[in-house]
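The file structure09.tsv comes next; it holds TSV, C-alpha atoms.
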```tsv
chain	number	residue	atom	x	y	z
A	11	MET	CA	-11.94	-7.14	-12.81
A	12	LYS	CA	-8.84	-6.59	-10.72
A	13	ARG	CA	-7.76	-9.69	-8.81
A	14	SER	CA	-6.74	-9.27	-5.21
A	15	PRO	CA	-3.30	-10.65	-4.37
A	16	LYS	CA	-3.10	-14.18	-2.93
A	17	LEU	CA	-2.95	-14.04	0.84
A	18	ASN	CA	-1.56	-16.78	3.08
A	19	ARG	CA	-2.42	-16.72	6.75
A	20	ILE	CA	-0.43	-18.63	9.38
A	21	PHE	CA	-1.63	-18.78	12.96
A	22	LEU	CA	0.94	-17.54	15.47
A	23	LEU	CA	-0.63	-16.74	18.82
A	24	LYS	CA	-3.86	-16.63	20.77
A	25	LEU	CA	-4.23	-14.82	24.08
A	26	GLU	CA	-7.33	-14.69	26.23
A	27	ILE	CA	-7.36	-12.26	29.10
A	28	PRO	CA	-9.92	-10.66	31.39
A	29	SER	CA	-10.40	-6.92	30.90
A	30	LEU	CA	-7.94	-6.09	33.67
A	31	PRO	CA	-5.82	-3.01	32.88
A	32	THR	CA	-2.78	-4.45	34.66
A	33	LEU	CA	-2.68	-7.15	31.95
A	34	LEU	CA	-2.01	-4.62	29.19
A	35	GLY	CA	1.69	-5.10	29.85
A	36	VAL	CA	1.31	-8.85	29.29
A	37	ILE	CA	-0.08	-8.24	25.81
A	38	ARG	CA	2.72	-5.80	24.97
A	39	GLY	CA	5.25	-8.31	26.32
A	40	ALA	CA	3.85	-11.12	24.17
A	41	LEU	CA	3.73	-9.02	21.03
A	42	GLU	CA	7.24	-7.64	21.22
A	43	PRO	CA	9.15	-10.86	20.32
A	44	LEU	CA	6.44	-11.80	17.83
A	45	VAL	CA	6.71	-8.68	15.70
A	46	ASP	CA	10.47	-8.75	16.06
A	47	MET	CA	10.47	-12.31	14.69
A	48	LEU	CA	8.59	-11.11	11.62
A	49	GLU	CA	11.42	-8.68	10.83
A	50	PHE	CA	9.57	-5.47	11.38
A	51	SER	CA	11.96	-2.60	11.99
A	52	PRO	CA	12.23	-1.43	15.62
A	53	GLU	CA	10.05	1.58	14.77
A	54	GLN	CA	7.43	-0.63	13.09
A	55	CYS	CA	7.49	-2.98	16.10
A	56	ARG	CA	6.72	-0.05	18.37
A	57	GLU	CA	3.90	1.04	16.06
A	58	VAL	CA	2.24	-2.38	16.21
A	59	ILE	CA	2.62	-2.64	19.99
A	60	ARG	CA	1.30	0.89	20.49
A	61	ALA	CA	-1.72	0.28	18.24
A	62	VAL	CA	-2.68	-2.97	19.96
A	63	ASP	CA	-2.22	-1.48	23.43
A	64	GLU	CA	-4.49	1.45	22.52
A	65	ALA	CA	-7.08	-0.85	20.96
A	66	VAL	CA	-7.22	-3.15	23.99
A	67	SER	CA	-7.36	-0.11	26.32
A	68	ASN	CA	-10.32	1.16	24.30
A	69	ILE	CA	-12.10	-2.17	24.72
A	70	MET	CA	-11.56	-2.01	28.49
A	71	ARG	CA	-12.66	1.60	28.74
A	72	HIS	CA	-15.42	1.96	26.19
A	73	SER	CA	-16.76	-1.51	25.43
A	74	TYR	CA	-16.63	-2.87	28.99
A	75	LEU	CA	-16.84	0.53	30.75
A	76	GLY	CA	-14.04	-0.37	33.14
A	77	ARG	CA	-15.46	-3.73	34.26
A	78	SER	CA	-12.43	-5.90	34.86
A	79	ASN	CA	-13.79	-9.45	34.47
A	80	GLN	CA	-14.91	-9.41	30.85
A	81	PRO	CA	-13.27	-11.52	28.13
A	82	ILE	CA	-10.86	-10.19	25.53
A	83	ALA	CA	-9.27	-12.45	22.91
A	84	VAL	CA	-6.23	-11.55	20.86
A	85	PHE	CA	-5.31	-13.60	17.78
A	86	CYS	CA	-2.12	-12.99	15.82
A	87	ASN	CA	-1.57	-14.37	12.33
A	88	ARG	CA	1.37	-14.05	10.03
A	89	LEU	CA	0.35	-12.84	6.59
A	90	GLN	CA	2.13	-13.45	3.32
A	91	ARG	CA	1.06	-11.99	0.02
A	92	GLN	CA	2.42	-11.43	-3.45
A	93	ALA	CA	2.44	-7.80	-4.46
A	94	ASN	CA	4.14	-6.44	-7.60
A	95	GLY	CA	5.93	-9.77	-8.09
A	96	GLU	CA	7.44	-9.70	-4.62
A	97	SER	CA	6.55	-11.51	-1.46
A	98	GLU	CA	5.47	-9.37	1.47
A	99	GLN	CA	4.86	-10.49	5.00
A	100	GLY	CA	2.97	-8.87	7.78
A	101	ILE	CA	0.91	-9.39	10.85
A	102	GLU	CA	-2.83	-9.60	11.33
A	103	ILE	CA	-4.16	-8.98	14.82
A	104	LEU	CA	-7.77	-9.77	15.63
A	105	LEU	CA	-9.27	-8.44	18.84
A	106	PHE	CA	-12.59	-9.84	20.08
A	107	ASP	CA	-14.78	-8.61	22.90
A	108	ARG	CA	-18.34	-9.23	24.04
A	109	GLY	CA	-19.33	-5.64	24.71
A	110	PRO	CA	-22.23	-3.86	23.02
A	111	ALA	CA	-22.00	-3.11	19.31
A	112	VAL	CA	-19.82	-0.10	18.59
A	113	ASP	CA	-21.42	2.95	17.03
A	114	THR	CA	-19.06	3.28	14.07
A	115	THR	CA	-19.98	6.95	13.59
A	116	ARG	CA	-18.13	7.54	16.87
A	117	LEU	CA	-14.95	5.86	15.64
A	118	GLN	CA	-13.43	9.10	14.45
A	119	PRO	CA	-10.16	10.42	15.84
A	120	ARG	CA	-10.40	13.98	17.05
A	121	PRO	CA	-8.51	16.72	15.18
A	122	LEU	CA	-5.00	16.90	16.59
A	123	HIS	CA	-4.83	20.68	16.47
A	124	GLU	CA	-7.22	20.74	19.45
A	125	ILE	CA	-4.92	20.77	22.45
A	126	ARG	CA	-6.96	18.72	24.84
A	127	ALA	CA	-6.95	15.32	26.45
A	128	GLY	CA	-8.86	12.34	25.00
A	129	GLY	CA	-9.54	10.87	21.58
A	130	LEU	CA	-5.88	10.26	20.76
A	131	GLY	CA	-6.01	6.46	20.76
A	132	LEU	CA	-7.86	6.10	17.45
A	133	HIS	CA	-5.41	8.46	15.82
A	134	ILE	CA	-2.53	6.27	17.03
A	135	ILE	CA	-4.20	3.04	15.87
A	136	ARG	CA	-5.03	4.33	12.39
A	137	GLY	CA	-1.67	6.02	11.95
A	138	SER	CA	0.30	2.94	13.02
A	139	MET	CA	-1.38	0.19	11.00
A	140	ASP	CA	-1.92	-0.37	7.26
A	141	SER	CA	-5.55	-1.26	7.76
A	142	VAL	CA	-8.04	-1.11	10.61
A	143	ASP	CA	-11.47	-2.70	10.27
A	144	TYR	CA	-14.29	-3.07	12.74
A	145	LYS	CA	-16.98	-5.71	12.37
A	146	ARG	CA	-19.88	-6.90	14.51
A	147	ALA	CA	-20.12	-10.69	14.31
A	148	GLY	CA	-23.03	-12.10	16.29
A	149	ARG	CA	-22.48	-10.95	19.85
A	150	LEU	CA	-18.84	-10.16	19.28
A	151	ASN	CA	-16.99	-7.02	18.35
A	152	ARG	CA	-14.05	-7.78	16.09
A	153	LEU	CA	-11.28	-5.30	15.38
A	154	ARG	CA	-8.82	-6.35	12.67
A	155	LEU	CA	-5.43	-4.66	12.52
A	156	VAL	CA	-2.99	-5.38	9.70
A	157	LYS	CA	0.53	-4.18	9.07
A	158	TYR	CA	3.06	-5.30	6.46
A	159	VAL	CA	6.84	-5.25	6.76
A	160	ARG	CA	8.42	-2.59	4.57
A	161	HIS	CA	11.61	-3.30	2.58
A	162	SER	CA	12.59	-6.41	4.41
A	163	LYS	CA	13.80	-9.82	3.28
A	164	ILE	CA	11.49	-12.73	4.00
A	165	ARG	CA	12.88	-15.31	6.35
A	166	THR	CA	12.52	-18.97	5.50
A	167	GLY	CA	10.61	-21.05	8.01
A	168	LEU	CA	8.90	-19.55	11.01
B	10	MET	CA	5.30	1.71	37.44
B	11	MET	CA	6.90	3.77	40.18
B	12	ILE	CA	6.76	7.50	40.75
B	13	SER	CA	8.53	9.57	43.41
B	14	VAL	CA	9.01	13.27	44.01
B	15	ARG	CA	12.17	15.17	44.89
B	16	ARG	CA	12.24	18.85	45.80
B	17	VAL	CA	15.17	21.03	44.77
B	18	ASP	CA	14.67	24.70	45.69
B	19	LYS	CA	11.37	25.66	44.06
B	20	ALA	CA	11.40	22.77	41.62
B	21	ALA	CA	9.66	19.41	41.96
B	22	ILE	CA	11.36	16.56	40.12
B	23	LEU	CA	9.16	13.58	39.38
B	24	ASP	CA	11.12	10.37	38.83
B	25	VAL	CA	9.00	7.89	36.91
B	26	SER	CA	10.01	4.34	36.01
B	27	GLY	CA	8.43	1.40	34.20
B	28	SER	CA	5.52	1.50	31.77
B	29	VAL	CA	2.71	3.99	32.10
B	30	ASP	CA	-0.56	2.79	30.58
B	31	TRP	CA	-4.29	2.75	31.26
B	32	ALA	CA	-3.66	0.75	34.44
B	33	ASN	CA	-1.63	3.45	36.17
B	34	SER	CA	-1.67	6.72	34.20
B	35	VAL	CA	-4.24	8.10	36.66
B	36	GLU	CA	-1.58	7.92	39.39
B	37	VAL	CA	0.94	9.85	37.28
B	38	ARG	CA	-1.76	12.41	36.45
B	39	LYS	CA	-2.59	12.96	40.13
B	40	VAL	CA	1.02	13.41	41.27
B	41	LEU	CA	1.80	15.66	38.30
B	42	LEU	CA	-1.21	17.94	38.83
B	43	ASP	CA	-0.69	18.05	42.62
B	44	GLU	CA	2.90	19.21	42.17
B	45	ILE	CA	2.02	21.76	39.47
B	46	ARG	CA	-0.73	23.24	41.68
B	47	ASP	CA	1.52	23.44	44.72
B	48	LYS	CA	2.12	27.14	45.37
B	49	SER	CA	5.68	26.61	46.54
B	50	VAL	CA	6.67	25.04	43.22
B	51	ASP	CA	7.46	27.10	40.14
B	52	ARG	CA	8.96	24.32	38.01
B	53	VAL	CA	7.96	20.69	37.58
B	54	VAL	CA	10.54	18.44	35.93
B	55	LEU	CA	9.46	15.04	34.68
B	56	ASN	CA	12.28	12.50	34.62
B	57	LEU	CA	11.34	9.88	32.01
B	58	VAL	CA	14.74	8.18	31.66
B	59	GLN	CA	13.41	4.91	33.12
B	60	VAL	CA	10.07	4.99	31.30
B	61	LYS	CA	9.73	2.26	28.68
B	62	TYR	CA	6.23	3.00	27.44
B	63	ILE	CA	3.45	5.58	27.64
B	64	ASP	CA	-0.03	5.35	26.17
B	65	THR	CA	-2.35	8.11	24.99
B	66	ALA	CA	-4.01	8.34	28.42
B	67	THR	CA	-0.59	9.39	29.70
B	68	VAL	CA	-0.10	11.81	26.80
B	69	ALA	CA	-3.49	13.29	27.74
B	70	SER	CA	-2.32	13.69	31.36
B	71	LEU	CA	0.81	15.49	30.18
B	72	ILE	CA	-1.34	17.86	28.11
B	73	GLU	CA	-3.46	18.52	31.20
B	74	GLY	CA	-0.29	19.18	33.17
B	75	LEU	CA	0.95	21.57	30.52
B	76	LYS	CA	-2.30	23.52	30.58
B	77	ALA	CA	-2.27	23.66	34.39
B	78	SER	CA	1.31	24.93	34.43
B	79	ARG	CA	0.51	27.59	31.82
B	80	ASP	CA	-2.53	28.69	33.84
B	81	LYS	CA	-0.36	28.99	36.93
B	82	GLY	CA	2.53	30.64	35.13
B	83	SER	CA	5.02	27.91	36.04
B	84	ARG	CA	7.14	25.56	33.88
B	85	LEU	CA	6.74	21.93	32.98
B	86	VAL	CA	9.92	20.37	31.59
B	87	LEU	CA	10.47	16.79	30.37
B	88	PHE	CA	13.78	14.98	30.05
B	89	GLY	CA	15.14	11.53	29.18
B	90	LEU	CA	12.61	10.55	26.54
B	91	SER	CA	13.01	7.04	25.09
B	92	GLU	CA	12.25	6.38	21.42
B	93	PHE	CA	8.89	4.96	22.44
B	94	VAL	CA	7.93	8.00	24.51
B	95	ARG	CA	9.22	10.51	21.97
B	96	GLU	CA	7.31	8.80	19.15
B	97	SER	CA	4.09	8.74	21.19
B	98	LEU	CA	4.32	12.50	21.71
B	99	LYS	CA	5.30	13.07	18.09
B	100	ILE	CA	2.52	10.96	16.54
B	101	THR	CA	-0.07	12.79	18.62
B	102	GLN	CA	1.53	16.06	17.48
B	103	VAL	CA	2.16	17.42	20.97
B	104	LEU	CA	5.93	16.91	21.21
B	105	ASN	CA	6.68	20.47	20.13
B	106	LEU	CA	4.36	21.86	22.82
B	107	PHE	CA	6.67	20.63	25.58
B	108	VAL	CA	10.06	21.82	26.70
B	109	VAL	CA	12.18	18.67	26.29
B	110	CYS	CA	15.74	18.41	27.61
B	111	ASP	CA	18.44	15.76	27.40
B	112	ASN	CA	19.20	15.62	31.11
B	113	GLU	CA	18.19	16.84	34.55
B	114	GLU	CA	20.87	19.52	34.75
B	115	GLN	CA	19.56	21.16	31.59
B	116	ALA	CA	15.95	20.75	32.69
B	117	MET	CA	16.63	22.66	35.90
B	118	ILE	CA	18.04	25.76	34.23
B	119	ILE	CA	16.23	26.10	30.92
```

Written form, structure tokens:
Amino acid sequence: MKRSPKLNRIFLLKLEIPSLPTLLGVIRGALEPLVDMLEFSPEQCREVIRAVDEAVSNIMRHSYLGRSNQPIAVFCNRLQRQANGESEQGIEILLFDRGPAVDTTRLQPRPLHEIRAGGLGLHIIRGSMDSVDYKRAGRLNRLRLVKYVRHSKIRTGL
Amino acid sequence: MMISVRRVDKAAILDVSGSVDWANSVEVRKVLLDEIRDKSVDRVVLNLVQVKYIDTATVASLIEGLKASRDKGSRLVLFGLSEFVRESLKITQVLNLFVVCDNEEQAMII
């Protein structure tokens, strides 16, 4: 049986916000120095920020249907794993909301060749992150986004 | 986010600044579509030099604007795209649908 690589998880940040669209900028602002600290390239930083912004927007729009006083929690963890004899680090972002369970059959990005508005957010999220997982846990929706740094030296300390 | 409109001959130039996301993309969409549908305007130029971020709701509004301008037979031109904005259009595979210029002067004559 193939063993999965050892994964270390270090807590970095927790944000709790109401589902107010004007707070999207606060999340982007908090994430920017965090992903920069983890030595993602500028392009990778933008990918992470874009994916999280789209995911939180989707919670506001689809899970809470535009209601602006519902809770959203954002957890960020630093990940370290050994892969092919080398240490890799990345970021794990967990998004929690208390909306109704998501119909996972509807979590499909639309084909991009259709020139029309809508359905682009999922495409961005999946294309920007290494893994995207949805899970219903009790009364919570949990979206887990993971991205690893590519070809970067690991910093000592935090 | 701030948006203002300048008129130069038959062109409307929309100067946008800040970040455009789910909180305010509806405002950009309204101004953009209003200007495109204005009969006295045959060219809408979107100045994005001061735009730090756009989300997919904004990309969707730009696609709507493009369709509206094609239906009307007018032009929609973008200029001053940041890395963030350019990537958002590229990832969603709509960048090549738009006429994109480096500066306003170019956008007014292309």

>> One decimal, in Å: what's the spacing between CA of Leu150 (chain A) and CA of Gly109 (chain A)?
In response: 7.1 Å

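Within 6 Å of the point (12.7, 20.3, 37.9), counting all atoms listed in the file, the protein and nucleic acid residues come to Ala20, Ala21, Ile22, Arg52, Val53, Val54 and Met117 of chain B.
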
> Contacts of Arg149 (chain A) at 10 Å or less, counting only C-alpha atoms, minus same-chain residues fewer than 6 places along, as a VMD selection string?
Replying inline: chain A and resid 106 to 111

>> Need to verify the contact set: Lys99 (chain B), 12 Å, only C-alpha atoms, exclusion of same-chain residues closer than 2 positions in sequence. Can you return it as a ChimeraX atom specification?
In response: /A:122,130,133-134,137 /B:65,68,90,92-97,101-107

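Close contacts of Ile82 (chain A), defined as residues with an atom at most 9 Å away when counting only C-alpha atoms, with chain neighbours fewer than 5 positions off set aside, comprise A:Leu25, A:Glu26, A:Ile27, A:Pro28, A:Ser29, A:Val66, A:Ile69, A:Met70, A:Leu105, A:Phe106, A:Asp107, A:Arg108.
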
>> Need the shell around region 31-39 of chain B: protein/DNA/RNA residues with any atom at most 7 Å away, counting all atoms listed in the file. Skip same-chain ones fewer than 4 positions apart. Format as a PyMOL selection string?
In response: (chain A and resi 31-32+67) or (chain B and resi 43+66-67+70)

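Computed from the coordinates, the CA of Met11 (chain B) to CA of Gly35 (chain A) distance equals 14.6 Å.
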
>> Set the cut-off to 12 Å and count all atoms listed in the file: what are the residues of chain A that reach chain B? Output as a PyMOL selection string.
In response: chain A and resi 29-36+38-39+52-71+76+78+119-138

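CA of Leu155 (chain A) is found 22.0 Å from CA of Glu96 (chain A).
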
Which centre and edge lengths in Å to one decimal define the box along x, y and z that fits every listed atom of region 88-94 of chain B plus 8 Å per side, as lines of an AutoDock Vina configuration file?
```
center_x = 11.5
center_y = 10.0
center_z = 25.7
size_x = 23.2
size_y = 26.0
size_z = 24.6
```

Since the input is missing atoms, can you rebuild all heavy atoms for region 23-34 of chain B and write them as a tab-separated table (two decimals), keeping the file's coordinate frame?
```tsv
chain	number	residue	atom	x	y	z
B	23	LEU	N	9.92	14.83	39.31
B	23	LEU	CA	9.16	13.58	39.38
B	23	LEU	C	9.94	12.49	38.66
B	23	LEU	O	10.15	12.57	37.44
B	23	LEU	CB	7.79	13.74	38.72
B	23	LEU	CG	6.66	14.38	39.54
B	23	LEU	CD1	7.02	15.77	40.04
B	23	LEU	CD2	5.38	14.45	38.71
B	24	ASP	N	10.40	11.51	39.42
B	24	ASP	CA	11.12	10.37	38.83
B	24	ASP	C	10.13	9.24	38.57
B	24	ASP	O	9.56	8.68	39.50
B	24	ASP	CB	12.22	9.89	39.78
B	24	ASP	CG	13.24	10.97	40.08
B	24	ASP	OD1	13.80	11.52	39.12
B	24	ASP	OD2	13.47	11.27	41.27
B	25	VAL	N	9.96	8.93	37.30
B	25	VAL	CA	9.00	7.89	36.91
B	25	VAL	C	9.78	6.71	36.32
B	25	VAL	O	10.75	6.92	35.59
B	25	VAL	CB	7.99	8.42	35.86
B	25	VAL	CG1	6.86	7.41	35.65
B	25	VAL	CG2	7.43	9.78	36.27
B	26	SER	N	9.35	5.50	36.62
B	26	SER	CA	10.01	4.34	36.01
B	26	SER	C	8.97	3.28	35.64
B	26	SER	O	7.88	3.24	36.21
B	26	SER	CB	11.06	3.74	36.95
B	26	SER	OG	10.45	3.31	38.13
B	27	GLY	N	9.33	2.47	34.65
B	27	GLY	CA	8.43	1.40	34.20
B	27	GLY	C	7.57	1.83	33.03
B	27	GLY	O	7.92	2.74	32.28
B	28	SER	N	6.44	1.17	32.86
B	28	SER	CA	5.52	1.50	31.77
B	28	SER	C	4.30	2.20	32.33
B	28	SER	O	3.77	1.80	33.37
B	28	SER	CB	5.08	0.22	31.06
B	28	SER	OG	6.18	-0.39	30.43
B	29	VAL	N	3.89	3.25	31.64
B	29	VAL	CA	2.71	3.99	32.10
B	29	VAL	C	1.60	3.77	31.07
B	29	VAL	O	1.72	4.20	29.92
B	29	VAL	CB	2.99	5.50	32.26
B	29	VAL	CG1	1.87	6.15	33.05
B	29	VAL	CG2	4.33	5.74	32.94
B	30	ASP	N	0.55	3.08	31.49
B	30	ASP	CA	-0.56	2.79	30.58
B	30	ASP	C	-1.88	3.04	31.29
B	30	ASP	O	-1.92	3.64	32.37
B	30	ASP	CB	-0.44	1.38	30.01
B	30	ASP	CG	-0.46	0.30	31.08
B	30	ASP	OD1	-0.91	0.58	32.22
B	30	ASP	OD2	-0.02	-0.83	30.80
B	31	TRP	N	-2.95	2.51	30.71
B	31	TRP	CA	-4.29	2.75	31.26
B	31	TRP	C	-4.41	2.27	32.70
B	31	TRP	O	-5.22	2.77	33.48
B	31	TRP	CB	-5.32	2.05	30.37
B	31	TRP	CG	-6.73	2.15	30.84
B	31	TRP	CD1	-7.56	1.11	31.15
B	31	TRP	CD2	-7.48	3.35	31.05
B	31	TRP	NE1	-8.78	1.60	31.54
B	31	TRP	CE2	-8.77	2.97	31.50
B	31	TRP	CE3	-7.19	4.71	30.93
B	31	TRP	CZ2	-9.75	3.89	31.81
B	31	TRP	CZ3	-8.18	5.63	31.24
B	31	TRP	CH2	-9.44	5.22	31.67
B	32	ALA	N	-3.59	1.30	33.10
B	32	ALA	CA	-3.66	0.75	34.44
B	32	ALA	C	-3.17	1.73	35.50
B	32	ALA	O	-3.60	1.68	36.65
B	32	ALA	CB	-2.84	-0.55	34.52
B	33	ASN	N	-2.26	2.62	35.14
B	33	ASN	CA	-1.63	3.45	36.17
B	33	ASN	C	-1.44	4.92	35.79
B	33	ASN	O	-0.86	5.68	36.57
B	33	ASN	CB	-0.28	2.83	36.58
B	33	ASN	CG	0.57	2.49	35.38
B	33	ASN	OD1	0.52	3.20	34.37
B	33	ASN	ND2	1.33	1.42	35.47
B	34	SER	N	-1.90	5.32	34.60
B	34	SER	CA	-1.67	6.72	34.20
B	34	SER	C	-2.40	7.69	35.12
B	34	SER	O	-1.98	8.84	35.29
B	34	SER	CB	-2.09	6.95	32.75
B	34	SER	OG	-3.47	6.73	32.59
```
